[in-house]
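Enquirer: A single structure is presented below for examination.
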Amino acid sequence: MLQKEDLTLAKWNESSIRIKLENKFNQKGWFKCVKQGGIYTQLAFGNPISFDVWIAWVKIGDVFFDSGMFQGNSRNYSQWRANNTFWDKLITERY
C-alpha cells in the first residue's frame, strides 16, 4: 500500500502482483538491452526472480513505485522500477 498519513494513494493485491511477476520474471529470467553512446551494444541476462525476492527488494527500497506523475509529463504511466546500477549487479550473462 502506498499511503501518506491516513490517505491511501494506491493499493495492490498480493495474489495479482504475484501471478504477473512470476509469469513474467520467474520463468527463464529477464534481460535488458545495454546502450553505450546512444547505441545498443549488448544484451544482458539475469536469473529468474520470484515474488518473495522481489517483495524483499521493495521493502528495502531497491525496487520502488514510479507513478510518473510530475509537472510537464503528458504521458501517464505507473510502474515498478529499479536503478540501472541495481540491475547491473544482477546480470549473469552478456552477449
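By order in the C-alpha cells, chains are A, B, ...; within a chain, residues start at 1; ligands start at 1, following the order shown.
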What lies within 7 Å of Gly68 (chain A) using only C-alpha atoms, ignoring chain neighbours under 3 positions off, as a PDB file with C-alpha atoms, in the first residue's frame?
Expert:
ATOM      1  CA  ASN A  76       0.610   8.944 -17.783  1.00  0.00           C
ATOM      2  CA  TYR A  77       2.104   5.695 -16.509  1.00  0.00           C
ATOM      3  CA  SER A  78       2.644   3.705 -13.337  1.00  0.00           C
TER       4      SER A  78
END
Enquirer: Please identify all polymer residues within 10 Å of Val63 (chain A), counting only C-alpha atoms, omitting same-chain residues fewer than 2 positions from it, and present them as a PyMOL selection string.
Expert: chain A and resi 54-61+65-66+80-83+86
Enquirer: Just C-alpha atoms for this one: save the residues we selected as a tab-separated table (two decimals), in the first residue's frame.
Expert:
chain	number	residue	atom	x	y	z
A	54	TRP	CA	11.04	-9.04	-5.46
A	55	ILE	CA	8.94	-8.04	-2.44
A	56	ALA	CA	12.08	-8.11	-0.27
A	57	TRP	CA	13.67	-5.64	-2.73
A	58	VAL	CA	10.57	-3.43	-2.45
A	59	LYS	CA	10.78	-3.47	1.36
A	60	ILE	CA	14.43	-2.35	1.38
A	61	GLY	CA	13.86	0.24	-1.36
A	65	PHE	CA	6.87	2.50	-7.42
A	66	ASP	CA	7.02	5.29	-10.00
A	80	TRP	CA	7.72	-0.58	-10.55
A	81	ARG	CA	11.32	0.42	-11.17
A	82	ALA	CA	14.88	-0.07	-10.01
A	83	ASN	CA	18.02	1.90	-10.83
A	86	PHE	CA	20.79	-2.36	-9.20
Enquirer: Considering only C-alpha atoms, can you say which of A:Thr41, A:Asp62, A:Trp87, A:Ser67 comes closest to Ala10 (chain A)?
Expert: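 Ranking A:Thr41, A:Asp62, A:Trp87, A:Ser67 by distance to Ala10 (chain A), first place goes to A:Ser67.
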Enquirer: What lies within 10 Å of Phe45 (chain A) using only C-alpha atoms, ignoring chain neighbours under 2 positions off, as a PDB file with N, CA and C atoms, in the first residue's frame?
Expert:
ATOM      1  N   LYS A  28      12.211 -17.925 -17.172  1.00  0.00           N
ATOM      2  CA  LYS A  28      13.574 -18.148 -17.684  1.00  0.00           C
ATOM      3  C   LYS A  28      14.492 -16.988 -17.349  1.00  0.00           C
ATOM      4  N   GLY A  29      14.006 -16.059 -16.553  1.00  0.00           N
ATOM      5  CA  GLY A  29      14.819 -14.918 -16.170  1.00  0.00           C
ATOM      6  C   GLY A  29      14.358 -13.643 -16.851  1.00  0.00           C
ATOM      7  N   TRP A  30      15.254 -12.712 -16.973  1.00  0.00           N
ATOM      8  CA  TRP A  30      14.953 -11.398 -17.530  1.00  0.00           C
ATOM      9  C   TRP A  30      16.137 -10.944 -18.388  1.00  0.00           C
ATOM     10  N   PHE A  31      15.915  -9.895 -19.187  1.00  0.00           N
ATOM     11  CA  PHE A  31      17.006  -9.337 -19.980  1.00  0.00           C
ATOM     12  C   PHE A  31      16.864  -7.829 -20.048  1.00  0.00           C
ATOM     13  N   LYS A  32      17.958  -7.186 -20.375  1.00  0.00           N
ATOM     14  CA  LYS A  32      17.918  -5.758 -20.655  1.00  0.00           C
ATOM     15  C   LYS A  32      18.863  -5.470 -21.807  1.00  0.00           C
ATOM     16  N   CYS A  33      18.515  -4.478 -22.603  1.00  0.00           N
ATOM     17  CA  CYS A  33      19.359  -4.025 -23.702  1.00  0.00           C
ATOM     18  C   CYS A  33      20.274  -2.934 -23.159  1.00  0.00           C
ATOM     19  N   GLN A  42      24.846  -4.461 -26.254  1.00  0.00           N
ATOM     20  CA  GLN A  42      24.806  -5.765 -25.589  1.00  0.00           C
ATOM     21  C   GLN A  42      23.382  -6.139 -25.213  1.00  0.00           C
ATOM     22  N   LEU A  43      23.179  -7.449 -25.078  1.00  0.00           N
ATOM     23  CA  LEU A  43      22.012  -7.995 -24.392  1.00  0.00           C
ATOM     24  C   LEU A  43      22.532  -8.570 -23.084  1.00  0.00           C
ATOM     25  N   ASN A  47      19.063 -14.030 -13.758  1.00  0.00           N
ATOM     26  CA  ASN A  47      18.324 -15.202 -13.283  1.00  0.00           C
ATOM     27  C   ASN A  47      16.849 -14.885 -13.054  1.00  0.00           C
ATOM     28  N   PRO A  48      16.003 -15.917 -13.000  1.00  0.00           N
ATOM     29  CA  PRO A  48      14.596 -15.712 -12.665  1.00  0.00           C
ATOM     30  C   PRO A  48      14.444 -15.007 -11.315  1.00  0.00           C
ATOM     31  N   TRP A  87      20.152  -3.300 -11.375  1.00  0.00           N
ATOM     32  CA  TRP A  87      20.033  -4.367 -12.372  1.00  0.00           C
ATOM     33  C   TRP A  87      21.401  -4.858 -12.814  1.00  0.00           C
ATOM     34  N   ASP A  88      22.348  -3.943 -12.943  1.00  0.00           N
ATOM     35  CA  ASP A  88      23.697  -4.333 -13.380  1.00  0.00           C
ATOM     36  C   ASP A  88      24.329  -5.349 -12.433  1.00  0.00           C
ATOM     37  N   LEU A  90      22.824  -7.673 -10.974  1.00  0.00           N
ATOM     38  CA  LEU A  90      22.117  -8.949 -11.114  1.00  0.00           C
ATOM     39  C   LEU A  90      22.410  -9.661 -12.437  1.00  0.00           C
ATOM     40  N   ILE A  91      23.146  -9.015 -13.320  1.00  0.00           N
ATOM     41  CA  ILE A  91      23.435  -9.603 -14.635  1.00  0.00           C
ATOM     42  C   ILE A  91      24.332 -10.826 -14.478  1.00  0.00           C
ATOM     43  N   THR A  92      23.931 -11.914 -15.148  1.00  0.00           N
ATOM     44  CA  THR A  92      24.721 -13.153 -15.097  1.00  0.00           C
ATOM     45  C   THR A  92      25.407 -13.468 -16.422  1.00  0.00           C
ATOM     46  N   GLU A  93      24.877 -12.936 -17.536  1.00  0.00           N
ATOM     47  CA  GLU A  93      25.463 -13.183 -18.858  1.00  0.00           C
ATOM     48  C   GLU A  93      25.308 -11.939 -19.723  1.00  0.00           C
ATOM     49  N   ARG A  94      26.299 -11.719 -20.593  1.00  0.00           N
ATOM     50  CA  ARG A  94      26.255 -10.609 -21.560  1.00  0.00           C
ATOM     51  C   ARG A  94      26.638 -11.132 -22.940  1.00  0.00           C
ATOM     52  N   TYR A  95      25.933 -10.632 -23.961  1.00  0.00           N
ATOM     53  CA  TYR A  95      26.236 -11.002 -25.344  1.00  0.00           C
ATOM     54  C   TYR A  95      26.262  -9.757 -26.212  1.00  0.00           C
TER      55      TYR A  95
END
Enquirer: CA of Phe25 (chain A) to CA of Ser74 (chain A): how many Å, to one decimal?
Expert: 29.1 Å
Enquirer: Quick one: of A:Ile39, A:Ser50, A:Lys4, A:Gln79, who's nearest to Leu21 (chain A), counting only C-alpha atoms?
Expert: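 Smallest separation from Leu21 (chain A) among the options: A:Ser50.
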Enquirer: One decimal, Å: what's the distance from CA of Asn13 (chain A) over to CA of Lys89 (chain A), could you say?
Expert: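 So the two atoms, CA of Asn13 (chain A) and CA of Lys89 (chain A), lie 28.6 Å apart.
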Enquirer: What residues in chain A get the DSSP label strand (DSSP E or B)? Please answer as an MDAnalysis selection string.
Expert: chainID A and resid 2:4 7:10 30:36 39:46 63:66 79:82 91:94
Enquirer: Output N, CA and C atoms for every residue in the selection just made, as a CSV table (one decimal), in the first residue's frame.
Expert:
chain,number,residue,atom,x,y,z
A,2,LEU,N,0.5,2.2,-0.8
A,2,LEU,CA,1.2,3.5,-0.8
A,2,LEU,C,0.3,4.5,-0.1
A,3,GLN,N,0.8,4.9,1.1
A,3,GLN,CA,0.0,5.7,2.0
A,3,GLN,C,0.7,6.9,2.5
A,4,LYS,N,0.0,8.0,2.7
A,4,LYS,CA,0.6,9.2,3.3
A,4,LYS,C,-0.4,9.6,4.4
A,7,LEU,N,-4.2,8.9,4.3
A,7,LEU,CA,-4.7,8.8,2.9
A,7,LEU,C,-4.0,7.7,2.1
A,8,THR,N,-4.8,6.7,1.6
A,8,THR,CA,-4.3,5.7,0.8
A,8,THR,C,-4.2,6.2,-0.6
A,9,LEU,N,-3.0,6.2,-1.2
A,9,LEU,CA,-2.8,6.7,-2.6
A,9,LEU,C,-2.9,5.6,-3.6
A,10,ALA,N,-2.5,4.4,-3.2
A,10,ALA,CA,-2.6,3.2,-4.1
A,10,ALA,C,-2.5,2.0,-3.3
A,30,TRP,N,15.3,-12.7,-17.0
A,30,TRP,CA,15.0,-11.4,-17.5
A,30,TRP,C,16.1,-10.9,-18.4
A,31,PHE,N,15.9,-9.9,-19.2
A,31,PHE,CA,17.0,-9.3,-20.0
A,31,PHE,C,16.9,-7.8,-20.0
A,32,LYS,N,18.0,-7.2,-20.4
A,32,LYS,CA,17.9,-5.8,-20.7
A,32,LYS,C,18.9,-5.5,-21.8
A,33,CYS,N,18.5,-4.5,-22.6
A,33,CYS,CA,19.4,-4.0,-23.7
A,33,CYS,C,20.3,-2.9,-23.2
A,34,VAL,N,21.6,-3.1,-23.4
A,34,VAL,CA,22.6,-2.1,-22.9
A,34,VAL,C,23.0,-1.2,-24.0
A,35,LYS,N,22.9,0.1,-23.7
A,35,LYS,CA,23.3,1.2,-24.6
A,35,LYS,C,24.6,1.8,-24.2
A,36,GLN,N,25.4,2.1,-25.1
A,36,GLN,CA,26.6,2.9,-24.9
A,36,GLN,C,26.7,4.0,-26.0
A,39,ILE,N,23.9,3.9,-28.6
A,39,ILE,CA,23.8,2.7,-29.5
A,39,ILE,C,23.7,1.4,-28.6
A,40,TYR,N,22.8,0.5,-29.0
A,40,TYR,CA,22.7,-0.7,-28.3
A,40,TYR,C,23.9,-1.6,-28.6
A,41,THR,N,24.6,-2.0,-27.6
A,41,THR,CA,25.8,-2.8,-27.7
A,41,THR,C,25.8,-4.2,-27.1
A,42,GLN,N,24.8,-4.5,-26.3
A,42,GLN,CA,24.8,-5.8,-25.6
A,42,GLN,C,23.4,-6.1,-25.2
A,43,LEU,N,23.2,-7.4,-25.1
A,43,LEU,CA,22.0,-8.0,-24.4
A,43,LEU,C,22.5,-8.6,-23.1
A,44,ALA,N,21.9,-8.2,-22.0
A,44,ALA,CA,22.3,-8.7,-20.7
A,44,ALA,C,21.2,-9.5,-20.1
A,45,PHE,N,21.5,-10.6,-19.4
A,45,PHE,CA,20.5,-11.6,-18.9
A,45,PHE,C,20.7,-11.8,-17.4
A,46,GLY,N,19.6,-12.0,-16.7
A,46,GLY,CA,19.7,-12.3,-15.3
A,46,GLY,C,18.9,-13.5,-14.9
A,63,VAL,N,13.7,-1.7,-5.2
A,63,VAL,CA,12.6,-1.6,-6.2
A,63,VAL,C,11.6,-0.6,-5.6
A,64,PHE,N,11.1,0.3,-6.5
A,64,PHE,CA,10.2,1.3,-6.0
A,64,PHE,C,9.1,1.6,-7.0
A,65,PHE,N,8.0,2.2,-6.6
A,65,PHE,CA,6.9,2.5,-7.4
A,65,PHE,C,7.1,3.9,-8.0
A,66,ASP,N,6.9,4.0,-9.3
A,66,ASP,CA,7.0,5.3,-10.0
A,66,ASP,C,5.7,5.6,-10.6
A,79,GLN,N,4.6,2.3,-12.8
A,79,GLN,CA,5.4,1.1,-13.0
A,79,GLN,C,6.3,1.0,-11.8
A,80,TRP,N,6.7,-0.3,-11.6
A,80,TRP,CA,7.7,-0.6,-10.6
A,80,TRP,C,9.1,-0.5,-11.2
A,81,ARG,N,10.0,0.2,-10.6
A,81,ARG,CA,11.3,0.4,-11.2
A,81,ARG,C,12.5,0.1,-10.2
A,82,ALA,N,13.6,0.0,-10.8
A,82,ALA,CA,14.9,-0.1,-10.0
A,82,ALA,C,15.9,0.7,-10.8
A,91,ILE,N,23.1,-9.0,-13.3
A,91,ILE,CA,23.4,-9.6,-14.6
A,91,ILE,C,24.3,-10.8,-14.5
A,92,THR,N,23.9,-11.9,-15.1
A,92,THR,CA,24.7,-13.2,-15.1
A,92,THR,C,25.4,-13.5,-16.4
A,93,GLU,N,24.9,-12.9,-17.5
A,93,GLU,CA,25.5,-13.2,-18.9
A,93,GLU,C,25.3,-11.9,-19.7
A,94,ARG,N,26.3,-11.7,-20.6
A,94,ARG,CA,26.3,-10.6,-21.6
A,94,ARG,C,26.6,-11.1,-22.9
